[in-house]
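Shown next, in structure tokens, is the structure this report addresses.
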Amino acid sequence: MREERVRVAESPARARAIMLDPRDTVAVLIEDAGAGARIVLQGDGSAGGPADLIAAEAIPYGHKVAVRPMEAGDPVIKYGEKMGIARARIDVGRHVHVHNVRGLNTEERSVSARG
Amino acid sequence: MGSFLGYRRADGRVGVRNHVVVFNVAGEIGPLVRRLGEAAPGVVPVVHPHGYAQFPEDREQTLRALAGNAANPNVAAALFIGLGDERDFAEEAAERARALGQRAAALTVRGEGGAGALFARAVEWLKEALAEAEGVPRVTASTAELIVGLECGGSDGWSGITANPALGVASDLIVADGGTVILSETTEAIGAEHILAARAVSKKVAEEFLALIEAYETRMKAEGSDYRKGNPSPGNIRGGLTTLDEKSLGCIKKAGSTPLTEVIAYAERPTQKGFVFMDSPGYDVDSVTGMVAGGAQVVVFTTGRGSPTGSPIAPVIKVGTNSRLYERMPEHIDVNAGVILDGKGTLASVGEEIYRVIHETASGKKCASERHGHAEFAIWRLAESV
């Protein structure tokens with residue numbers, strides 16, 4: 001992906017992101033986004049979903065951006081599944097990663113397994 | 001409803017290849033088995049280092065893996081070669097393969113009065129089996145008769161975004177046709193076990209699955225390794241993976257979204273159709289060998305960094321996660337899921353392509369790993385040699 005990174009670095013004002021499932025609250029950047037960059041959503045989950053958005057901060061490719069707002073304690077949804085819990089409010093366009101998301105604990109997992 | 005052209009065996013199951021296979025059951029005679037493959041062209045020699053000197057649980061697992069691979073419907077006939085001492089299990093392996101519906105026999109060095117005599121007898125047996133196999137025609141079979149093994153190896157940051165969920169789309173299509181997919185690699189499911197358990201068809205299957213995860217983690221902890229503490233790794237986090245749940249979700253997405261119908265032991269044959277989970281390690285060669293022993297006629301393998309892994313018994317179809325890999329190593333890739341990143345394809349379109357390639361391969365078209373002669377074989381070891 002090296003060539004692509006070079007190209008994106010020259011033009012950080014626009015970056016593409018993939019939304020995997022229509023229920024998701026996050027999308028995965030496939031190009032680096034600079035702060036203020038327009039993020040264009042693509043992928044199977046993007047049709048009829050949230051509109052394109054603006055990166056609130058620089059986010060590297062492979063990392064996640066919030067496409068729907070999440071309050072502290074809300075689930076973070078990727079693949080249509082709970083991949084973690086928001087530790088603070090996360091606005092649309094923010095970087096979603098270890099600084100504002102934690103994994104599910106054993107109890108949350110067993111509740112989910114019992115359906 | 002899909003269909004393919006396969007070889008219908010005496011027990012009704014359908015193979016996608018028509019191999020005559022010879023196995024060693026002791027490491028000591030591996031090279032002899034390799035020479036048998038040269039002496040009887042067309043025969044597939046399967047050589048491995050496992051022998052008699054094992055703990056009972058490993059002996060049982062080795063036997064099950066050998067007999068299961070021999071009885072895979074891609075195999076027309078199988079011969080086991082042993083040493084013939086009191087611990088020899090060549091005859092036991094052949095018996096188990098026969099119980100699984102296969103034409104199988106055993107020959108031993110001591111039983112034949114030396115390696116020279118054994119070699120001559122074995123070549124004769126194999127040539128006869130080859131001649132018989134040649135007469136078996138390909139006939140139309142339904143996708144409902146396919147078992148597809150799901151694997152990943154050499155994963156990268158895109159595996160969970162492109163190739164794995166696209167393979168999940170193909171898995172759902174196979175299951176909708178009444179077929180079977182096997183997900184394995186127990187280690188990779190740690191962290192997403194609650195999601196798979198919630199998909200189980202019954203409380204019993206959910207509990208069996210959770211017990212499998214717990215048992216694996218207990219064994220890892222006994223060796224001083226805590227998977228949950230070590231994952232996602234610092235490299236994973238730099239790449240953008242945030243939680244273990246997310247990492248494991250990316251892996252289990254290979255199995256699509258249908259209910260979990262059964263949980264089986266390593267190298268065991270499923271009794272249910274649909275989405276089945278097999279206990280296996282994350283090591284791709286062990287895992288593929290186990291699923292083929294379970295009867296998978298085709299394996300689909302996703303890779304981000306390129307992996308040559310194949311199987312001597314089943315075609316292993318490779319799905320690449322990014323276009324750069326496809327451009328650099330086309331010899332290792334059958335389907336390029338990188339088009340999803342390029343905006344030239346979707347999970348749905350790549351999933352349909354994988355489904356189509358599974359059927360073409362099942363009907364006889366050679367996939368990349370077969371064209372390049374990749375035929376790895378390894379059996380999951382639980383303990384040391386004794």
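Residues in the structure tokens are numbered from 1 in each chain, the chains being A, B, ... in the order shown, and ligands are numbered from 1 in the order shown.
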
Q. Would you list which chain A residues are within 8 Å of chain B using only C-alpha atoms, as a PyMOL selection string?
A. chain A and resi 1+18+20+30+42-44+61-64+78-79+82-84+97-98+101-104+109-110+112-115

Q: Name the residues in contact with region 48-58 of chain A at a cut-off of 12 Å, using only C-alpha atoms, excluding same-chain residues fewer than 3 positions from it; report them as number ranges by chain.
A: A: 9, 12-27, 29, 31-45, 61, 63-69, 90-96

Okay, now the selection with C-alpha atoms, as an mmCIF file, in the first residue's frame?
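Below you can see out-v1.cif, which holds the result:
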```cif
data_model
loop_
_atom_site.group_PDB
_atom_site.id
_atom_site.type_symbol
_atom_site.label_atom_id
_atom_site.label_comp_id
_atom_site.auth_asym_id
_atom_site.auth_seq_id
_atom_site.Cartn_x
_atom_site.Cartn_y
_atom_site.Cartn_z
ATOM 1 C CA ALA A 9 0.007 12.314 1.698
ATOM 2 C CA PRO A 12 -4.980 14.604 2.501
ATOM 3 C CA ALA A 13 -8.144 16.590 1.828
ATOM 4 C CA ARG A 14 -10.117 13.547 0.670
ATOM 5 C CA ALA A 15 -10.023 9.961 1.878
ATOM 6 C CA ARG A 16 -12.145 6.883 1.273
ATOM 7 C CA ALA A 17 -13.512 4.678 4.037
ATOM 8 C CA ILE A 18 -15.315 1.337 3.957
ATOM 9 C CA MET A 19 -18.499 0.714 5.894
ATOM 10 C CA LEU A 20 -18.988 -3.041 6.204
ATOM 11 C CA ASP A 21 -22.568 -3.258 7.497
ATOM 12 C CA PRO A 22 -25.446 -0.756 7.429
ATOM 13 C CA ARG A 23 -25.770 -1.020 11.258
ATOM 14 C CA ASP A 24 -22.142 0.008 11.861
ATOM 15 C CA THR A 25 -21.191 3.080 13.889
ATOM 16 C CA VAL A 26 -17.648 3.086 12.418
ATOM 17 C CA ALA A 27 -16.010 2.903 8.980
ATOM 18 C CA LEU A 29 -10.204 4.369 6.402
ATOM 19 C CA GLU A 31 -6.448 6.076 2.802
ATOM 20 C CA ASP A 32 -4.884 8.467 5.329
ATOM 21 C CA ALA A 33 -7.197 11.348 6.223
ATOM 22 C CA GLY A 34 -5.822 14.728 7.300
ATOM 23 C CA ALA A 35 -7.755 16.844 9.857
ATOM 24 C CA GLY A 36 -10.644 18.452 7.973
ATOM 25 C CA ALA A 37 -10.489 15.939 5.114
ATOM 26 C CA ARG A 38 -13.730 14.910 3.432
ATOM 27 C CA ILE A 39 -14.274 11.199 4.097
ATOM 28 C CA VAL A 40 -16.129 9.433 1.300
ATOM 29 C CA LEU A 41 -17.928 6.278 2.418
ATOM 30 C CA GLN A 42 -18.019 3.176 0.224
ATOM 31 C CA GLY A 43 -18.652 -0.533 0.811
ATOM 32 C CA ASP A 44 -21.608 -2.836 1.254
ATOM 33 C CA GLY A 45 -22.865 -1.073 4.387
ATOM 34 C CA TYR A 61 -5.479 4.263 6.928
ATOM 35 C CA HIS A 63 -7.994 2.903 11.487
ATOM 36 C CA LYS A 64 -11.644 3.671 12.219
ATOM 37 C CA VAL A 65 -13.704 6.850 12.026
ATOM 38 C CA ALA A 66 -17.076 7.362 13.755
ATOM 39 C CA VAL A 67 -19.931 7.558 11.233
ATOM 40 C CA ARG A 68 -22.618 7.762 13.931
ATOM 41 C CA PRO A 69 -22.343 9.492 17.321
ATOM 42 C CA ILE A 90 -17.460 9.998 20.320
ATOM 43 C CA ASP A 91 -18.703 12.489 17.722
ATOM 44 C CA VAL A 92 -19.010 11.769 14.005
ATOM 45 C CA GLY A 93 -15.651 12.239 12.280
ATOM 46 C CA ARG A 94 -13.535 11.338 15.351
ATOM 47 C CA HIS A 95 -10.819 8.688 15.420
ATOM 48 C CA VAL A 96 -12.211 5.551 17.143
#
```

Q. Could you pull out the alpha helix (DSSP H) residues of chain A from DSSP and send them as a list in words?
A.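 Written out, the alpha helix (DSSP H) residues of chain A are Arg2, Glu3, Glu4, Arg5, Val6, Arg7, Val8, Ala9, Glu10, Thr106, Glu107, Glu108, Arg109, Ser110, Val111, Ser112, Ala113 and Arg114 of chain A.
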
Q: Using CA of Ala39 (chain B) and CA of Val123 (chain B) as the two end points, give the distance in Å to one decimal.
A: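 The value is 6.8 Å.
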